[in-house]
>>> print(open('query_12.cif').read())   # mmCIF, C-alpha atoms
data_protein
#
loop_
_atom_site.group_PDB
_atom_site.id
_atom_site.type_symbol
_atom_site.label_atom_id
_atom_site.label_comp_id
_atom_site.auth_asym_id
_atom_site.auth_seq_id
_atom_site.Cartn_x
_atom_site.Cartn_y
_atom_site.Cartn_z
ATOM 1 C CA MET A 1023 13.698 26.937 37.916
ATOM 2 C CA GLU A 1024 14.976 24.307 35.474
ATOM 3 C CA ALA A 1025 15.027 21.650 38.197
ATOM 4 C CA LEU A 1026 11.409 22.380 39.098
ATOM 5 C CA TYR A 1027 10.366 22.076 35.450
ATOM 6 C CA ALA A 1028 12.330 18.832 35.046
ATOM 7 C CA ILE A 1029 10.825 17.282 38.183
ATOM 8 C CA THR A 1030 7.303 18.377 37.242
ATOM 9 C CA THR A 1031 7.689 17.051 33.702
ATOM 10 C CA GLY A 1032 9.017 13.745 35.034
ATOM 11 C CA ILE A 1033 6.165 13.353 37.524
ATOM 12 C CA LEU A 1034 3.564 14.161 34.869
ATOM 13 C CA THR A 1035 5.157 11.695 32.448
ATOM 14 C CA ALA A 1036 5.369 8.914 35.031
ATOM 15 C CA SER A 1037 1.777 9.470 36.159
ATOM 16 C CA GLY A 1038 0.574 9.620 32.562
ATOM 17 C CA VAL A 1039 2.311 6.374 31.599
ATOM 18 C CA TYR A 1040 0.969 4.644 34.719
ATOM 19 C CA LEU A 1041 -2.600 5.740 34.031
ATOM 20 C CA THR A 1042 -2.338 4.959 30.311
ATOM 21 C CA LEU A 1043 -1.463 1.343 31.154
ATOM 22 C CA ARG A 1044 -4.600 0.887 33.265
ATOM 23 C CA GLY A 1045 -7.397 -1.387 32.080
ATOM 24 C CA ARG A 1046 -10.292 1.066 32.077
ATOM 25 C CA THR A 1047 -11.015 3.868 29.653
ATOM 26 C CA PHE A 1048 -11.269 6.866 31.996
ATOM 27 C CA PRO A 1049 -7.781 6.423 33.528
ATOM 28 C CA VAL A 1050 -6.406 5.951 30.006
ATOM 29 C CA VAL A 1051 -7.927 9.277 28.918
ATOM 30 C CA VAL A 1052 -6.578 11.035 32.025
ATOM 31 C CA GLY A 1053 -3.159 9.441 31.445
ATOM 32 C CA LEU A 1054 -3.047 10.680 27.867
ATOM 33 C CA THR A 1055 -4.035 14.137 29.076
ATOM 34 C CA LEU A 1056 -1.217 14.126 31.639
ATOM 35 C CA LEU A 1057 1.223 13.023 28.949
ATOM 36 C CA SER A 1058 0.123 15.922 26.753
ATOM 37 C CA TYR A 1059 0.663 18.307 29.681
ATOM 38 C CA ALA A 1060 4.167 16.886 30.140
ATOM 39 C CA VAL A 1061 4.927 17.396 26.457
ATOM 40 C CA ASN A 1062 3.623 20.972 26.691
ATOM 41 C CA LEU A 1063 5.935 21.696 29.620
ATOM 42 C CA PHE A 1064 8.823 20.127 27.741
ATOM 43 C CA LEU A 1065 8.151 22.228 24.636
ATOM 44 C CA PHE A 1066 7.820 25.362 26.736
ATOM 45 C CA SER A 1067 11.099 24.707 28.538
ATOM 46 C CA MET A 1068 12.928 24.170 25.237
ATOM 47 C CA GLY A 1069 12.515 27.891 24.506
ATOM 48 C CA GLY A 1070 14.671 28.761 27.482
ATOM 49 C CA LEU A 1071 13.334 29.661 30.868
ATOM 50 C CA THR A 1072 13.994 33.325 31.524
ATOM 51 C CA THR A 1073 12.638 35.449 34.313
ATOM 52 C CA HIS A 1074 11.771 39.077 33.668
ATOM 53 C CA GLY A 1075 12.319 38.581 29.946
ATOM 54 C CA ALA A 1076 10.729 41.059 27.577
ATOM 55 C CA ALA A 1077 7.886 39.905 25.382
ATOM 56 C CA LEU A 1078 9.121 42.008 22.466
ATOM 57 C CA VAL A 1079 12.516 41.801 20.808
ATOM 58 C CA GLY A 1080 14.569 44.969 21.174
ATOM 59 C CA THR A 1081 13.152 46.253 24.460
ATOM 60 C CA ASN A 1082 15.524 44.270 26.648
ATOM 61 C CA ASP A 1083 18.663 42.146 26.338
ATOM 62 C CA GLN A 1084 16.787 39.023 27.429
ATOM 63 C CA TYR A 1085 13.572 38.203 25.656
ATOM 64 C CA ALA A 1086 11.219 35.271 25.664
ATOM 65 C CA ASP A 1087 11.254 33.099 22.568
ATOM 66 C CA PRO A 1088 7.718 33.259 21.088
ATOM 67 C CA LEU A 1089 7.925 30.035 19.045
ATOM 68 C CA PRO A 1090 7.635 27.538 21.956
ATOM 69 C CA GLN A 1091 4.817 29.629 23.395
ATOM 70 C CA ALA A 1092 2.921 29.448 20.108
ATOM 71 C CA LEU A 1093 3.561 25.703 19.867
ATOM 72 C CA VAL A 1094 2.289 25.148 23.403
ATOM 73 C CA LEU A 1095 -0.855 27.206 22.801
ATOM 74 C CA THR A 1096 -1.564 25.216 19.657
ATOM 75 C CA ALA A 1097 -0.895 21.949 21.494
ATOM 76 C CA ILE A 1098 -3.287 22.962 24.280
ATOM 77 C CA VAL A 1099 -6.107 23.565 21.809
ATOM 78 C CA ILE A 1100 -5.455 20.333 19.917
ATOM 79 C CA GLY A 1101 -5.080 18.397 23.185
ATOM 80 C CA PHE A 1102 -8.398 19.728 24.479
ATOM 81 C CA ALA A 1103 -10.171 18.714 21.267
ATOM 82 C CA MET A 1104 -8.619 15.249 21.304
ATOM 83 C CA THR A 1105 -9.491 14.770 24.980
ATOM 84 C CA ALA A 1106 -13.110 15.684 24.276
ATOM 85 C CA PHE A 1107 -13.144 13.249 21.343
ATOM 86 C CA ALA A 1108 -11.615 10.459 23.453
ATOM 87 C CA ILE A 1109 -14.178 11.010 26.226
ATOM 88 C CA ILE A 1110 -17.068 10.876 23.766
ATOM 89 C CA LEU A 1111 -15.560 7.748 22.180
ATOM 90 C CA ALA A 1112 -15.193 6.133 25.624
ATOM 91 C CA MET A 1113 -18.802 6.992 26.500
ATOM 92 C CA ARG A 1114 -20.007 5.487 23.217
ATOM 93 C CA SER A 1115 -17.906 2.372 23.789
ATOM 94 C CA ARG A 1116 -19.348 2.003 27.282
ATOM 95 C CA GLY A 1117 -22.863 2.369 25.942
ATOM 96 C CA ASP A 1118 -22.354 -0.172 23.154
ATOM 97 C CA LEU A 1119 -20.301 -2.744 25.034
ATOM 98 C CA GLY A 1120 -21.661 -2.288 28.533
ATOM 99 C CA SER A 1121 -18.154 -2.128 29.949
ATOM 100 C CA ASP A 1122 -15.429 0.484 30.084
ATOM 101 C CA SER A 1123 -12.621 -2.042 29.831
ATOM 102 C CA VAL A 1124 -10.074 -1.193 27.157
ATOM 103 C CA ASP A 1125 -9.865 -4.770 25.879
ATOM 104 C CA GLY A 1126 -13.455 -4.559 24.613
ATOM 105 C CA ASN A 1127 -14.871 -7.567 26.442
ATOM 106 C CA ARG A 1128 -18.635 -7.558 26.645
ATOM 107 C CA THR A 1129 -20.456 -8.102 29.872
ATOM 108 C CA ASP A 1130 -23.180 -10.703 30.354
ATOM 109 C CA ARG A 1131 -25.939 -8.524 28.949
ATOM 110 C CA GLU A 1132 -27.595 -9.388 25.668
ATOM 111 C CA ASP A 1133 -26.732 -7.574 22.471
ATOM 112 C CA PRO A 1134 -29.827 -5.595 21.338
ATOM 113 C CA ARG A 1135 -28.663 -5.765 17.704
ATOM 114 C CA GLU A 1136 -29.002 -9.548 17.514
ATOM 115 C CA ASN A 1137 -32.325 -10.732 16.144
ATOM 116 C CA LYS A 1138 -33.952 -13.561 18.023
ATOM 117 C CA ALA A 1139 -36.545 -15.024 15.767
#
>>> encode(input="query_12.cif", output="structure tokens")
Amino acid sequence: MEALYAITTGILTASGVYLTLRGRTFPVVVGLTLLSYAVNLFLFSMGGLTTHGAALVGTNDQYADPLPQALVLTAIVIGFAMTAFAIILAMRSRGDLGSDSVDGNRTDREDPRENKA
């Protein structure tokens, strides 16, 4: 079980870093999302991976640690909100700049904010 979690976390991290280093905004957002998933798996595995562990302390000798679970649930909510914010920011950047390149280079279109008198 630990090997599966380690391999999955490594693949998610590698994919997230690769996509984060891309030159367009959508792969960067997906890469950051994959990195947050990898961190969530890492946090969850730090609580100890037990099978058939009791959810409540005192009902069984092995129990699941609730702190990593609470941290992961909180991280999921915050990650979802930040992903939504990053997508809206990328859409606004694309609308203003005319390009979804992360370096912010404008395309050949004219800027509607410039006054031509």
>>> atom_distance(input="query_12.cif", atom1="CA of Ser1121 (chain A)", atom2="CA of Phe1048 (chain A)")
11.5 Å
>>> resolve_selection(input="query_12.cif", expression="the PyMOL selection byres ((chain A and resi 1047) around 8)", output="list in words")
Arg1044, Gly1045, Arg1046, Phe1048, Pro1049, Val1050, Val1051, Ala1112, Asp1122, Ser1123 and Val1124 of chain A
>>> atom_distance(input="query_12.cif", atom1="CA of Ala1092 (chain A)", atom2="CA of Thr1030 (chain A)")
20.9 Å
>>> closest_residue(input="query_12.cif", among="A:Tyr1040, A:Ser1058, A:Phe1064, A:Ile1029", to="Ala1103 (chain A)", atoms="all atoms listed in the file")
A:Ser1058
>>> closest_residue(input="query_12.cif", among="A:Val1039, A:Leu1034, A:Leu1095, A:Ile1100", to="Phe1066 (chain A)", atoms="all atoms listed in the file")
A:Leu1095
>>> resolve_selection(input="query_12.cif", expression="the PyMOL selection byres ((chain A and resi 1057) around 12)", output="VMD selection string")
chain A and resid 1030 to 1042 1050 to 1056 1058 to 1064 1097 to 1098 1101 1105
>>> atom_distance(input="query_12.cif", atom1="CA of Asp1125 (chain A)", atom2="CA of Ile1109 (chain A)")
16.4 Å
>>> residues_around(input="query_12.cif", residues="Gln1091 (chain A)", least_positions_apart="3", cutoff="9 Å", atoms="all atoms listed in the file", output="list in words")
Leu1065, Phe1066, Gly1069, Ala1086, Asp1087, Pro1088, Val1094, Leu1095 and Thr1096 of chain A
>>> decode(input="query_12.cif", residues="region 1054-1074 of chain A", atoms="N, CA, C and O atoms", output="short mmCIF file (atom, residue, chain, number, x, y, z; two decimals), in the first residue's frame")
data_model
loop_
_atom_site.label_atom_id
_atom_site.label_comp_id
_atom_site.auth_asym_id
_atom_site.auth_seq_id
_atom_site.Cartn_x
_atom_site.Cartn_y
_atom_site.Cartn_z
N LEU A 1054 -0.45 22.94 -11.47
CA LEU A 1054 -0.59 23.32 -10.07
C LEU A 1054 -1.65 22.49 -9.35
O LEU A 1054 -1.50 22.16 -8.17
N THR A 1055 -2.70 22.14 -10.07
CA THR A 1055 -3.73 21.27 -9.49
C THR A 1055 -3.17 19.88 -9.20
O THR A 1055 -3.43 19.31 -8.13
N LEU A 1056 -2.38 19.34 -10.13
CA LEU A 1056 -1.77 18.03 -9.89
C LEU A 1056 -0.78 18.08 -8.73
O LEU A 1056 -0.69 17.13 -7.95
N LEU A 1057 -0.05 19.18 -8.61
CA LEU A 1057 0.85 19.32 -7.46
C LEU A 1057 0.08 19.37 -6.15
O LEU A 1057 0.51 18.80 -5.15
N SER A 1058 -1.07 20.03 -6.15
CA SER A 1058 -1.86 20.06 -4.92
C SER A 1058 -2.42 18.68 -4.59
O SER A 1058 -2.50 18.31 -3.42
N TYR A 1059 -2.78 17.90 -5.61
CA TYR A 1059 -3.22 16.52 -5.36
C TYR A 1059 -2.09 15.69 -4.77
O TYR A 1059 -2.30 14.86 -3.88
N ALA A 1060 -0.87 15.89 -5.28
CA ALA A 1060 0.28 15.15 -4.75
C ALA A 1060 0.55 15.52 -3.30
O ALA A 1060 0.83 14.64 -2.47
N VAL A 1061 0.43 16.79 -2.97
CA VAL A 1061 0.61 17.22 -1.58
C VAL A 1061 -0.48 16.63 -0.70
O VAL A 1061 -0.22 16.21 0.43
N ASN A 1062 -1.71 16.57 -1.20
CA ASN A 1062 -2.80 15.97 -0.43
C ASN A 1062 -2.54 14.49 -0.15
O ASN A 1062 -2.77 14.02 0.97
N LEU A 1063 -2.07 13.76 -1.15
CA LEU A 1063 -1.73 12.36 -0.93
C LEU A 1063 -0.59 12.21 0.07
O LEU A 1063 -0.61 11.32 0.92
N PHE A 1064 0.39 13.10 -0.03
CA PHE A 1064 1.51 13.06 0.91
C PHE A 1064 1.04 13.33 2.34
O PHE A 1064 1.42 12.61 3.27
N LEU A 1065 0.21 14.34 2.51
CA LEU A 1065 -0.32 14.64 3.85
C LEU A 1065 -1.15 13.48 4.39
O LEU A 1065 -1.07 13.15 5.58
N PHE A 1066 -1.94 12.88 3.53
CA PHE A 1066 -2.79 11.77 3.96
C PHE A 1066 -1.95 10.57 4.36
O PHE A 1066 -2.27 9.88 5.34
N SER A 1067 -0.86 10.32 3.63
CA SER A 1067 -0.02 9.17 3.96
C SER A 1067 0.81 9.40 5.22
O SER A 1067 1.26 8.45 5.84
N MET A 1068 1.01 10.64 5.60
CA MET A 1068 1.78 10.93 6.81
C MET A 1068 1.03 10.51 8.07
O MET A 1068 1.63 10.32 9.13
N GLY A 1069 -0.27 10.33 7.99
CA GLY A 1069 -1.05 9.88 9.14
C GLY A 1069 -0.96 8.38 9.37
O GLY A 1069 -1.49 7.87 10.35
N GLY A 1070 -0.30 7.69 8.49
CA GLY A 1070 -0.19 6.24 8.61
C GLY A 1070 -1.31 5.57 7.83
O GLY A 1070 -2.48 5.87 8.03
N LEU A 1071 -0.92 4.69 6.96
CA LEU A 1071 -1.90 4.00 6.14
C LEU A 1071 -2.29 2.70 6.82
O LEU A 1071 -1.49 1.76 6.90
N THR A 1072 -3.48 2.65 7.35
CA THR A 1072 -3.96 1.44 8.00
C THR A 1072 -5.20 0.95 7.27
O THR A 1072 -6.01 1.74 6.79
N THR A 1073 -5.30 -0.36 7.17
CA THR A 1073 -6.50 -0.94 6.59
C THR A 1073 -7.36 -1.49 7.71
O THR A 1073 -6.86 -2.00 8.71
N HIS A 1074 -8.63 -1.34 7.59
CA HIS A 1074 -9.61 -1.79 8.58
C HIS A 1074 -9.40 -1.11 9.93
O HIS A 1074 -9.64 -1.69 10.98
#
